[in-house]
Structure formats: structure tokens, C-alpha cells
file work-v2.cif (mmCIF, C-alpha atoms)
data_structure
#
loop_
_atom_site.label_atom_id
_atom_site.label_comp_id
_atom_site.auth_asym_id
_atom_site.auth_seq_id
_atom_site.Cartn_x
_atom_site.Cartn_y
_atom_site.Cartn_z
CA MET A 1 92.07 128.91 126.58
CA ALA A 2 88.35 129.61 126.40
CA ARG A 3 86.00 126.66 126.11
CA ASN A 4 85.11 127.47 122.51
CA ASP A 5 88.77 127.44 121.44
CA VAL A 6 89.98 124.54 119.32
CA VAL A 7 92.85 122.74 121.07
CA ILE A 8 93.24 119.92 118.54
CA ARG A 9 92.74 120.36 114.82
CA THR A 10 93.65 117.75 112.22
CA GLU A 11 93.30 118.09 108.45
CA GLN A 12 93.59 115.01 106.26
CA LEU A 13 95.92 113.49 108.85
CA SER A 14 97.25 110.12 107.68
CA LYS A 15 99.81 107.57 108.76
CA ILE A 16 101.05 104.64 106.68
CA PHE A 17 103.21 101.75 107.91
CA GLY A 18 104.39 99.90 104.81
CA SER A 19 101.24 98.59 103.16
CA ILE A 20 99.03 99.42 106.15
CA GLN A 21 97.22 102.75 106.39
CA ALA A 22 96.75 103.13 110.14
CA VAL A 23 95.08 106.56 109.99
CA ARG A 24 93.09 107.72 106.96
CA ASN A 25 92.56 111.41 106.19
CA LEU A 26 91.45 112.31 109.69
CA ASP A 27 89.61 115.63 109.98
CA LEU A 28 88.88 116.44 113.60
CA GLU A 29 88.39 119.34 116.01
CA VAL A 30 88.50 119.04 119.80
CA PHE A 31 87.54 122.01 121.96
CA ALA A 32 89.12 123.28 125.18
CA GLY A 33 87.71 121.78 128.35
CA SER A 34 86.01 118.91 126.53
CA ARG A 35 86.24 115.23 127.32
CA PHE A 36 86.73 113.59 123.94
CA GLY A 37 86.34 109.83 123.76
CA PHE A 38 88.07 107.93 120.95
CA LEU A 39 86.53 104.50 120.43
CA GLY A 40 87.35 101.77 117.97
CA PRO A 41 88.39 98.12 117.70
CA ASN A 42 91.98 96.96 118.10
CA GLY A 43 94.04 98.14 115.14
CA ALA A 44 91.62 100.94 114.27
CA GLY A 45 94.33 103.61 114.57
CA LYS A 46 93.50 105.16 117.95
CA THR A 47 96.93 104.77 119.53
CA THR A 48 98.69 105.84 116.33
CA THR A 49 96.62 109.02 116.31
CA VAL A 50 97.50 109.75 119.94
CA ARG A 51 101.20 109.19 119.28
CA ILE A 52 101.11 111.69 116.43
CA LEU A 53 99.17 114.29 118.43
CA SER A 54 101.41 113.93 121.48
CA GLY A 55 104.57 114.42 119.44
CA LEU A 56 105.90 110.87 119.58
CA LEU A 57 105.31 109.93 115.95
CA LYS A 58 105.42 111.85 112.67
CA GLN A 59 102.48 111.67 110.32
CA THR A 60 102.86 110.52 106.72
CA SER A 61 100.70 113.32 105.34
CA GLY A 62 98.18 115.91 106.42
CA SER A 63 98.54 118.37 109.29
CA ALA A 64 97.61 118.77 112.92
CA THR A 65 97.97 121.30 115.71
CA VAL A 66 97.72 120.80 119.47
CA CYS A 67 97.16 123.93 121.57
CA GLY A 68 98.30 125.93 118.56
CA PHE A 69 101.56 124.02 118.06
CA ASP A 70 102.32 122.12 114.87
CA VAL A 71 102.81 118.39 115.50
CA ARG A 72 105.56 118.13 112.91
CA LYS A 73 107.58 121.24 113.75
CA GLN A 74 106.89 121.95 117.44
CA ARG A 75 106.85 118.54 119.08
CA ASN A 76 108.83 119.61 122.16
CA ASP A 77 106.41 122.47 122.81
CA ILE A 78 103.52 120.00 122.65
CA LYS A 79 105.22 117.59 125.05
CA ALA A 80 105.76 120.43 127.56
CA ILE A 81 102.07 121.33 127.87
CA THR A 82 100.44 117.92 127.49
CA GLY A 83 100.26 114.78 129.58
CA LEU A 84 100.30 111.27 128.12
CA LEU A 85 99.34 107.99 129.74
CA PRO A 86 100.11 105.27 127.17
CA GLU A 87 98.38 101.90 127.21
CA SER A 88 101.51 100.03 128.33
CA PRO A 89 103.63 102.50 130.32
CA GLY A 90 106.73 101.66 132.30
CA LEU A 91 107.42 102.12 136.00
CA TYR A 92 110.65 102.08 138.00
CA SER A 93 109.69 99.31 140.41
CA LYS A 94 112.58 99.98 142.82
CA LEU A 95 111.25 103.49 143.57
CA SER A 96 108.47 104.39 145.95
CA ALA A 97 105.41 106.22 144.66
CA VAL A 98 106.74 109.51 146.03
CA GLU A 99 110.20 108.97 144.53
CA PHE A 100 108.73 108.08 141.15
CA LEU A 101 106.52 111.18 141.12
CA GLU A 102 109.46 113.35 142.23
CA PHE A 103 111.40 111.94 139.26
CA ILE A 104 108.52 112.74 136.89
CA GLY A 105 108.33 116.21 138.40
CA ALA A 106 112.05 116.77 137.77
CA LEU A 107 111.58 115.76 134.12
CA ASN A 108 108.99 118.53 133.91
CA ASN A 109 111.23 121.06 135.71
CA LEU A 110 109.20 120.85 138.93
CA SER A 111 110.80 120.71 142.36
CA GLY A 112 110.50 121.99 145.90
CA GLU A 113 107.40 122.52 147.98
CA SER A 114 105.03 123.03 145.05
CA VAL A 115 105.64 119.61 143.52
CA HIS A 116 105.31 117.92 146.92
CA ARG A 117 101.95 119.62 147.46
CA ARG A 118 100.79 118.26 144.10
CA ILE A 119 102.10 114.79 144.91
CA ASP A 120 100.34 114.80 148.29
CA ALA A 121 97.07 115.98 146.72
CA LEU A 122 97.11 113.41 143.92
CA LEU A 123 98.06 110.47 146.12
CA GLY A 124 95.35 111.51 148.57
CA MET A 125 92.69 111.72 145.86
CA LEU A 126 93.70 108.31 144.52
CA GLY A 127 93.72 106.66 147.94
CA LEU A 128 97.44 105.93 147.98
CA GLU A 129 98.61 108.14 150.82
CA GLY A 130 99.10 105.14 153.11
CA ARG A 131 101.41 103.41 150.59
CA ARG A 132 103.28 106.49 149.40
CA ASN A 133 106.68 105.29 150.65
CA ASP A 134 106.32 101.63 149.62
CA LEU A 135 108.25 100.38 146.60
CA LEU A 136 106.19 100.20 143.42
CA GLU A 137 107.15 96.55 143.00
CA SER A 138 104.86 95.80 145.94
CA TYR A 139 101.86 97.51 144.31
CA SER A 140 99.00 95.73 142.59
CA SER A 141 98.45 96.46 138.89
CA GLY A 142 95.55 98.74 139.78
CA MET A 143 97.63 100.71 142.27
CA LYS A 144 100.40 101.10 139.71
CA GLN A 145 97.86 102.45 137.23
CA LYS A 146 96.77 105.03 139.81
CA VAL A 147 100.38 106.17 140.23
CA LEU A 148 100.67 106.48 136.46
CA VAL A 149 97.50 108.58 136.34
CA ALA A 150 99.03 110.82 139.02
CA SER A 151 102.27 111.13 137.03
CA THR A 152 100.31 112.19 133.95
CA LEU A 153 98.51 114.96 135.83
CA LEU A 154 101.42 116.09 138.00
CA HIS A 155 102.57 119.07 135.92
CA GLU A 156 98.99 120.30 135.42
CA PRO A 157 98.95 119.89 131.63
CA LYS A 158 96.46 121.80 129.50
CA MET A 159 95.81 118.72 127.39
CA VAL A 160 95.83 115.11 128.62
CA PHE A 161 95.98 112.02 126.41
CA LEU A 162 94.78 108.84 128.13
CA ASP A 163 95.11 105.51 126.31
CA GLU A 164 92.94 102.90 128.06
CA PRO A 165 93.21 104.61 131.48
CA THR A 166 90.99 102.08 133.28
CA SER A 167 92.36 98.90 131.69
CA ARG A 168 93.83 97.55 134.94
CA LEU A 169 91.46 99.12 137.45
CA ASP A 170 88.66 97.56 139.44
CA PRO A 171 85.19 99.18 139.21
CA SER A 172 85.68 101.46 142.23
CA ALA A 173 89.04 102.73 140.97
CA SER A 174 87.58 103.23 137.48
CA ALA A 175 84.81 105.32 139.00
CA LEU A 176 87.43 107.37 140.85
CA VAL A 177 89.34 108.07 137.64
CA LYS A 178 86.08 109.02 135.92
CA ASP A 179 85.22 111.48 138.70
CA LEU A 180 88.75 112.90 138.62
CA ILE A 181 88.45 113.55 134.88
CA LEU A 182 85.04 115.20 135.29
CA VAL A 183 86.24 117.48 138.11
CA LEU A 184 89.45 118.52 136.36
CA ALA A 185 87.69 119.21 133.07
CA GLU A 186 85.09 121.33 134.84
CA GLU A 187 87.24 123.24 137.34
CA THR A 188 90.54 123.64 135.48
CA GLU A 189 89.39 123.47 131.84
CA THR A 190 91.82 120.64 131.24
CA THR A 191 91.02 118.93 127.95
CA PHE A 192 90.98 115.11 127.89
CA PHE A 193 91.48 112.92 124.83
CA ILE A 194 90.58 109.41 125.96
CA CYS A 195 91.12 106.21 123.99
CA THR A 196 89.06 103.42 125.46
CA HIS A 197 87.33 100.13 124.71
CA MET A 198 84.97 100.67 127.64
CA THR A 199 81.80 102.06 126.10
CA ASN A 200 80.11 102.49 129.47
CA PHE A 201 83.09 104.49 130.75
CA ALA A 202 83.02 106.66 127.60
CA GLU A 203 79.26 107.17 127.83
CA ASP A 204 79.53 108.34 131.46
CA THR A 205 82.71 110.40 131.09
CA CYS A 206 82.91 111.92 127.61
CA ASP A 207 80.84 114.73 126.18
CA ILE A 208 81.95 114.02 122.60
CA ILE A 209 82.66 110.62 121.04
CA GLY A 210 84.57 109.81 117.87
CA ILE A 211 84.45 106.25 116.53
CA LEU A 212 87.38 105.11 114.41
CA ASN A 213 87.20 102.04 112.20
CA GLU A 214 90.01 100.86 109.91
CA GLY A 215 91.77 104.19 110.35
CA ALA A 216 88.80 106.34 109.33
CA LEU A 217 86.57 108.46 111.53
CA THR A 218 83.09 107.08 110.89
CA THR A 219 81.01 108.71 113.63
CA LEU A 220 81.24 111.91 115.68
CA GLY A 221 78.82 113.34 118.22
CA SER A 222 77.66 113.31 121.81
CA PRO A 223 76.98 109.88 123.31
CA GLN A 224 73.23 110.51 123.30
CA ASP A 225 73.24 111.78 119.71
CA ILE A 226 75.05 108.62 118.54
CA ILE A 227 72.67 106.40 120.51
CA ASP A 228 69.65 108.19 119.02
CA GLN A 229 71.01 108.15 115.46
CA LEU A 230 71.53 104.38 115.61
CA GLY A 231 68.27 103.62 117.42
CA ALA A 232 70.26 101.94 120.18
CA SER A 233 69.57 101.52 123.88
CA ASP A 234 73.08 102.56 124.93
CA LEU A 235 76.48 103.45 123.51
CA GLU A 236 77.68 99.83 123.49
CA GLU A 237 74.83 98.78 121.23
CA ALA A 238 75.39 101.77 118.96
CA TYR A 239 79.13 101.04 118.81
CA LEU A 240 78.53 97.40 117.83
CA LYS A 241 76.16 98.49 115.08
CA ILE A 242 78.89 100.70 113.66
CA VAL A 243 81.95 98.44 113.90
CA GLY A 244 80.28 95.02 113.96
CA GLY A 245 80.77 92.27 116.48
CA GLN A 246 77.20 91.58 117.50
CA ILE A 247 76.42 87.93 118.22
CA ASP A 248 73.76 86.15 116.19
CA ARG A 249 72.17 84.15 119.00
CA GLU A 250 70.25 81.84 116.62
CA LYS A 251 73.45 80.80 114.84
CA LEU A 252 75.28 80.49 118.13
CA LEU A 253 72.74 77.94 119.42
CA SER A 254 72.05 76.22 116.10
CA TRP A 255 74.16 73.19 117.13
CA ARG A 256 71.50 72.31 119.71
CA GLN A 257 68.80 71.79 117.05
#
call {"tool": "encode", "arguments": {"input": "work-v2.cif", "output": "C-alpha cells"}}
result
Amino acid sequence: MARNDVVIRTEQLSKIFGSIQAVRNLDLEVFAGSRFGFLGPNGAGKTTTVRILSGLLKQTSGSATVCGFDVRKQRNDIKAITGLLPESPGLYSKLSAVEFLEFIGALNNLSGESVHRRIDALLGMLGLEGRRNDLLESYSSGMKQKVLVASTLLHEPKMVFLDEPTSRLDPSASALVKDLILVLAEETETTFFICTHMTNFAEDTCDIIGILNEGALTTLGSPQDIIDQLGASDLEEAYLKIVGGQIDREKLLSWRQ
């Protein structure tokens, strides 16, 4: 796909769980090769949106396409060409990193020398080559997250959904994941759809930001455009102005008076 092609398009996309409207009439376009950051407080509807777009959940109303495939009718096609790293993924702790990635490769119809070259390259980039044959149960939470990132990228998907990809990583590992996203988006035109609470990570990594609040898309633009529009010093300040949560320091210290 060319960089000006739309890889995600939603029109009035909505999802209702009982009396709760998790996603409200979402209209959104994401372009090929972009790094789209999806920000919002807990319960805003970010993960629900990703589950719909990745083919795991059916919408209540509205429509959406991913890489030209309809999310309601062509879910298997979407799963074949996308990668998904959920916020709370599972690992087979009795497998080594290599065995786990071989298993993921088999699920994506990958085998032989080509998949082992990809495994070697990913583990090397993520600094895990020295622990490749150790059982995953011996890994730290950050190391496990790196393996999960590798598993998401293993089949070279055109579109990658990342839900809180740095949640269990230390600063150096987070920087590594950021650089990996930037390189892949630039050199392979992989499109990234990233849900995150880390405004500094989003500001450094994403070229377009969408802010979701109570299921509705309230803000869309580049990080700098959003910062400028809100008269903020950085994306975190702009985000807090949009969704709330800023601390009133005078009230906080009023008990001392």
C-alpha cells in the first residue's frame, strides 16, 4: 500500500455492552505507514476499538474496514495480515523463547529457515539472543514483553495493533521498542495503531494522535498540533486539559493553612 492509502476507516462505529456505550459513533481514518497513537483514560473505549478492528469483537453498529477488509464479514482475512499485542497477553511459560516463537510462526503458516531467520533477527534486536533457549518462566516481566513484541511482528504484518506495549518495560527497553516502531514504519511501511497511557512515548513515537474520552473521539492531530491548540507545553499537559485529572495544588495543600 502507498503511504496515502487509508488502511483503517471507521464510519459511525459503535459498541454497546448492556447500558454502557463503550465506543460512540467513531469516524476515523488511519493511513498506511503511519504511527497512530490512541490515548484516553481507563474505560474510554480504546481496547474495545482495537478488538473490533482486529477482528476479535463485533461492533453493535456502524462499519469499519482494515486494509480493505470488512471487520464484520472478513475477520479471518484481517487476522491473517495484522499483528495484535493485547494489554494482558498469555505466554506458555514451559517453552523457551525460540520454541514459543516457532509455535507462533506455525500458527501463521511459517516454518523452515525463513522463520528461524526472523526469530534470530528479532531476538537479536531485542537483546534476547543470550536467553533464547531459556524457559519463559525464568524471564522477567520486561523480557516476556519483549518476546511478545517479537511474536507480534514475526509474520511481518501490514498492520500492527499494540495495546500498552511498554507497560512492563524499563526505560531502556521502552526506548528500544520506540526505535523498532520508528524503523519498521519507515523502512517497511508497516502501520502501527498504538493504545497507550504514556503521553511521552506517544509524543516521541506517533505522528498522529487520537484522544478518546467516554467512547467518543474528542481530538485528532499531530502531537505538536494538539499541543499548540491547547496552549500546552507538552502532550501530557494537553491531554490532561482534554480529559481532566490535573491537580489543584492550592486545594491539595489547603489542610496546612
call {"tool": "atom_distance", "arguments": {"input": "work-v2.cif", "atom1": "atom CA of Phe103 of chain A", "atom2": "atom CA of Val71 of chain A"}}
result
26.1 Å
call {"tool": "resolve_selection", "arguments": {"input": "work-v2.cif", "expression": "the PyMOL selection byres ((chain A and resi 199) around 12)", "output": "JSON, numbers by chain"}}
result
{"A": [37, 38, 39, 40, 41, 164, 166, 194, 195, 196, 197, 198, 200, 201, 202, 203, 204, 205, 206, 209, 210, 211, 223, 227, 234, 235, 236, 237, 238, 239, 240]}
call {"tool": "write_last_selection", "arguments": {"input": "work-v2.cif", "atoms": "C-alpha atoms", "output": "PDB file, in the frame of the given file"}}
result
ATOM      1  CA  GLY A  37      86.340 109.830 123.760  1.00  0.00           C
ATOM      2  CA  PHE A  38      88.070 107.930 120.950  1.00  0.00           C
ATOM      3  CA  LEU A  39      86.530 104.500 120.430  1.00  0.00           C
ATOM      4  CA  GLY A  40      87.350 101.770 117.970  1.00  0.00           C
ATOM      5  CA  PRO A  41      88.390  98.120 117.700  1.00  0.00           C
ATOM      6  CA  GLU A 164      92.940 102.900 128.060  1.00  0.00           C
ATOM      7  CA  THR A 166      90.990 102.080 133.280  1.00  0.00           C
ATOM      8  CA  ILE A 194      90.580 109.410 125.960  1.00  0.00           C
ATOM      9  CA  CYS A 195      91.120 106.210 123.990  1.00  0.00           C
ATOM     10  CA  THR A 196      89.060 103.420 125.460  1.00  0.00           C
ATOM     11  CA  HIS A 197      87.330 100.130 124.710  1.00  0.00           C
ATOM     12  CA  MET A 198      84.970 100.670 127.640  1.00  0.00           C
ATOM     13  CA  ASN A 200      80.110 102.490 129.470  1.00  0.00           C
ATOM     14  CA  PHE A 201      83.090 104.490 130.750  1.00  0.00           C
ATOM     15  CA  ALA A 202      83.020 106.660 127.600  1.00  0.00           C
ATOM     16  CA  GLU A 203      79.260 107.170 127.830  1.00  0.00           C
ATOM     17  CA  ASP A 204      79.530 108.340 131.460  1.00  0.00           C
ATOM     18  CA  THR A 205      82.710 110.400 131.090  1.00  0.00           C
ATOM     19  CA  CYS A 206      82.910 111.920 127.610  1.00  0.00           C
ATOM     20  CA  ILE A 209      82.660 110.620 121.040  1.00  0.00           C
ATOM     21  CA  GLY A 210      84.570 109.810 117.870  1.00  0.00           C
ATOM     22  CA  ILE A 211      84.450 106.250 116.530  1.00  0.00           C
ATOM     23  CA  PRO A 223      76.980 109.880 123.310  1.00  0.00           C
ATOM     24  CA  ILE A 227      72.670 106.400 120.510  1.00  0.00           C
ATOM     25  CA  ASP A 234      73.080 102.560 124.930  1.00  0.00           C
ATOM     26  CA  LEU A 235      76.480 103.450 123.510  1.00  0.00           C
ATOM     27  CA  GLU A 236      77.680  99.830 123.490  1.00  0.00           C
ATOM     28  CA  GLU A 237      74.830  98.780 121.230  1.00  0.00           C
ATOM     29  CA  ALA A 238      75.390 101.770 118.960  1.00  0.00           C
ATOM     30  CA  TYR A 239      79.130 101.040 118.810  1.00  0.00           C
ATOM     31  CA  LEU A 240      78.530  97.400 117.830  1.00  0.00           C
TER      32      LEU A 240
END
call {"tool": "resolve_selection", "arguments": {"input": "work-v2.cif", "expression": "the PyMOL selection byres ((chain A and resi 28-31) around 10)", "output": "PDB file with C-alpha atoms, in the coordinates of the input"}}
result
ATOM      1  CA  MET A   1      92.070 128.910 126.580  1.00  0.00           C
ATOM      2  CA  ALA A   2      88.350 129.610 126.400  1.00  0.00           C
ATOM      3  CA  ARG A   3      86.000 126.660 126.110  1.00  0.00           C
ATOM      4  CA  ASN A   4      85.110 127.470 122.510  1.00  0.00           C
ATOM      5  CA  ASP A   5      88.770 127.440 121.440  1.00  0.00           C
ATOM      6  CA  VAL A   6      89.980 124.540 119.320  1.00  0.00           C
ATOM      7  CA  VAL A   7      92.850 122.740 121.070  1.00  0.00           C
ATOM      8  CA  ILE A   8      93.240 119.920 118.540  1.00  0.00           C
ATOM      9  CA  ARG A   9      92.740 120.360 114.820  1.00  0.00           C
ATOM     10  CA  THR A  10      93.650 117.750 112.220  1.00  0.00           C
ATOM     11  CA  GLU A  11      93.300 118.090 108.450  1.00  0.00           C
ATOM     12  CA  GLN A  12      93.590 115.010 106.260  1.00  0.00           C
ATOM     13  CA  LEU A  13      95.920 113.490 108.850  1.00  0.00           C
ATOM     14  CA  ASN A  25      92.560 111.410 106.190  1.00  0.00           C
ATOM     15  CA  LEU A  26      91.450 112.310 109.690  1.00  0.00           C
ATOM     16  CA  ASP A  27      89.610 115.630 109.980  1.00  0.00           C
ATOM     17  CA  ALA A  32      89.120 123.280 125.180  1.00  0.00           C
ATOM     18  CA  GLY A  33      87.710 121.780 128.350  1.00  0.00           C
ATOM     19  CA  SER A  34      86.010 118.910 126.530  1.00  0.00           C
ATOM     20  CA  ARG A  35      86.240 115.230 127.320  1.00  0.00           C
ATOM     21  CA  PHE A  36      86.730 113.590 123.940  1.00  0.00           C
ATOM     22  CA  ALA A  64      97.610 118.770 112.920  1.00  0.00           C
ATOM     23  CA  THR A  65      97.970 121.300 115.710  1.00  0.00           C
ATOM     24  CA  VAL A  66      97.720 120.800 119.470  1.00  0.00           C
ATOM     25  CA  CYS A  67      97.160 123.930 121.570  1.00  0.00           C
ATOM     26  CA  THR A 191      91.020 118.930 127.950  1.00  0.00           C
ATOM     27  CA  PHE A 192      90.980 115.110 127.890  1.00  0.00           C
ATOM     28  CA  PHE A 193      91.480 112.920 124.830  1.00  0.00           C
ATOM     29  CA  ILE A 208      81.950 114.020 122.600  1.00  0.00           C
ATOM     30  CA  GLY A 210      84.570 109.810 117.870  1.00  0.00           C
ATOM     31  CA  LEU A 217      86.570 108.460 111.530  1.00  0.00           C
ATOM     32  CA  LEU A 220      81.240 111.910 115.680  1.00  0.00           C
TER      33      LEU A 220
END
call {"tool": "closest_residue", "arguments": {"input": "work-v2.cif", "among": "A:Lys146, A:Val243, A:Gln74, A:Ala232", "to": "Leu176 of chain A", "atoms": "only C-alpha atoms"}}
result
A:Lys146
call {"tool": "atom_distance", "arguments": {"input": "work-v2.cif", "atom1": "atom CA of Leu95 of chain A", "atom2": "atom CA of Met143 of chain A"}}
result
14.0 Å
call {"tool": "axis_aligned_box", "arguments": {"input": "work-v2.cif", "around": "segment 54-66 of chain A", "padding_each_side": "6 Å", "output": "AutoDock Vina command-line options"}}
result
--center_x 101.8 --center_y 115.6 --center_z 113.4 --size_x 20.3 --size_y 23.4 --size_z 28.1
call {"tool": "atom_distance", "arguments": {"input": "work-v2.cif", "atom1": "atom CA of Leu135 of chain A", "atom2": "atom CA of Lys94 of chain A"}}
result
5.8 Å
call {"tool": "closest_residue", "arguments": {"input": "work-v2.cif", "among": "A:Gly112, A:Gly231, A:Pro165, A:Pro157", "to": "Pro86 of chain A", "atoms": "all atoms listed in the file"}}
result
A:Pro165
call {"tool": "closest_residue", "arguments": {"input": "work-v2.cif", "among": "A:Glu189, A:Ile242, A:Ser93, A:Ile181", "to": "Glu214 of chain A", "atoms": "all atoms listed in the file"}}
result
A:Ile242
call {"tool": "residues_around", "arguments": {"input": "work-v2.cif", "residues": "Ile52 of chain A", "least_positions_apart": "5", "cutoff": "9 Å", "atoms": "only C-alpha atoms", "output": "list in words"}}
result
Lys15, Thr47, Leu57, Lys58, Gln59, Ala64, Val71 and Arg72 of chain A
call {"tool": "residues_around", "arguments": {"input": "work-v2.cif", "residues": "Val149 of chain A", "least_positions_apart": "2", "cutoff": "12 Å", "atoms": "all atoms listed in the file", "output": "PyMOL selection string"}}
result
chain A and resi 83-87+89+91+97+101+104+119+122-123+125-126+128+142-147+151-156+160-169+173-174+176-178+180-181
call {"tool": "resolve_selection", "arguments": {"input": "work-v2.cif", "expression": "the PyMOL selection byres ((chain A and resi 21) around 12)", "output": "PyMOL selection string"}}
result
chain A and resi 13-20+22-26+43-45+48-49+59-61+213-216
call {"tool": "residues_around", "arguments": {"input": "work-v2.cif", "residues": "Ser96 of chain A", "least_positions_apart": "3", "cutoff": "6 Å", "atoms": "only C-alpha atoms", "output": "VMD selection string"}}
result
chain A and resid 99 133 to 136
call {"tool": "closest_residue", "arguments": {"input": "work-v2.cif", "among": "A:Leu110, A:Leu182, A:Ser138, A:Leu148", "to": "Ser88 of chain A", "atoms": "only C-alpha atoms"}}
result
A:Leu148
